[in-house]
Amino acid sequence: MSRVPRLSKGWHRTPADGWCLMELTSVLAGEVWSDRPACVHPVLACVARCVNDRSSEDGRRELLPFATEVIGTEKAPAGPLVAHCVRRAGITAPRWWPRSWVVTRAVRALTGDEVLRRLLGECVAICREATEGEGARGTGDEQAARGAAGGRRGHRAAGRAGGGGAAGDPRARPVPRRDHAHAG
């Protein structure tokens with residue numbers, strides 16, 4: 001890239017059509033052009049897209065450093081990010097709402113470029129803190145996967161008494177989904 005791109009609102013089909021903060025991040029990270037780069041936590045990417053779209057033209061210029069700061073946050077837990085956005089905005093949202101809806105509503109409740117930029121910076125810091133100490137214990141998603149696969153040593157994943165059978169067994173009962181949030 002020979003010059004710094006000018007950030008604009010919304011999603012863009014190609015770089016010639018414009019750039020949002022996450023599209024710039026995808027290019028800087030060496031990924032395919034997208035406003036949902038794999039190297040950024042989905043909830044943090046949602047915050048970044050919303051902040052990009054709510055910021056003024058001058059405010060978007062101040063977001064450029066975040067294009068590299070958000071890279072490598074994909075393994076952070078989602079809960080603290082969503083909770084922080086809700087707290088900062090002073091909103092409430094139904095528990096059944098997907099995380100992306102909650103974050104979008106929270107960012108929309110905030111006004112002013114400085115306030116939006118500060119929220120994004122705080123969310124990046126939350127992701128960085130969470131991922132710095134994850135080496136020993138793993139992310140929340142990794143812990144959930146271990147639990148689904150049998151958890152700690154000696155625990156079996158399927159076939160509990162009265163559980164209705166193992167996976168693939170016609171007697172198995174469906175497990176209700178508790179979390180409808182697909183944002184992370």
# chains A, B, ... in the order shown; residues from 1 in each chain; ligands from 1
call {"tool": "residues_around", "arguments": {"residues": "Ala45 of chain A", "least_positions_apart": "3", "cutoff": "8 Å", "atoms": "only C-alpha atoms", "output": "PyMOL selection string"}}
result
chain A and resi 22+35-37+40-42+48-49
call {"tool": "closest_residue", "arguments": {"among": "A:Pro5, A:Gly112, A:Gly121, A:Pro98", "to": "Gly79 of chain A", "atoms": "only C-alpha atoms"}}
result
A:Pro98
call {"tool": "closest_residue", "arguments": {"among": "A:Leu7, A:Leu116, A:Ala38, A:Cys20", "to": "Thr73 of chain A", "atoms": "only C-alpha atoms"}}
result
A:Ala38
call {"tool": "closest_residue", "arguments": {"among": "A:Glu122, A:Asp17, A:Glu132, A:Glu69", "to": "Ala83 of chain A", "atoms": "only C-alpha atoms"}}
result
A:Glu122
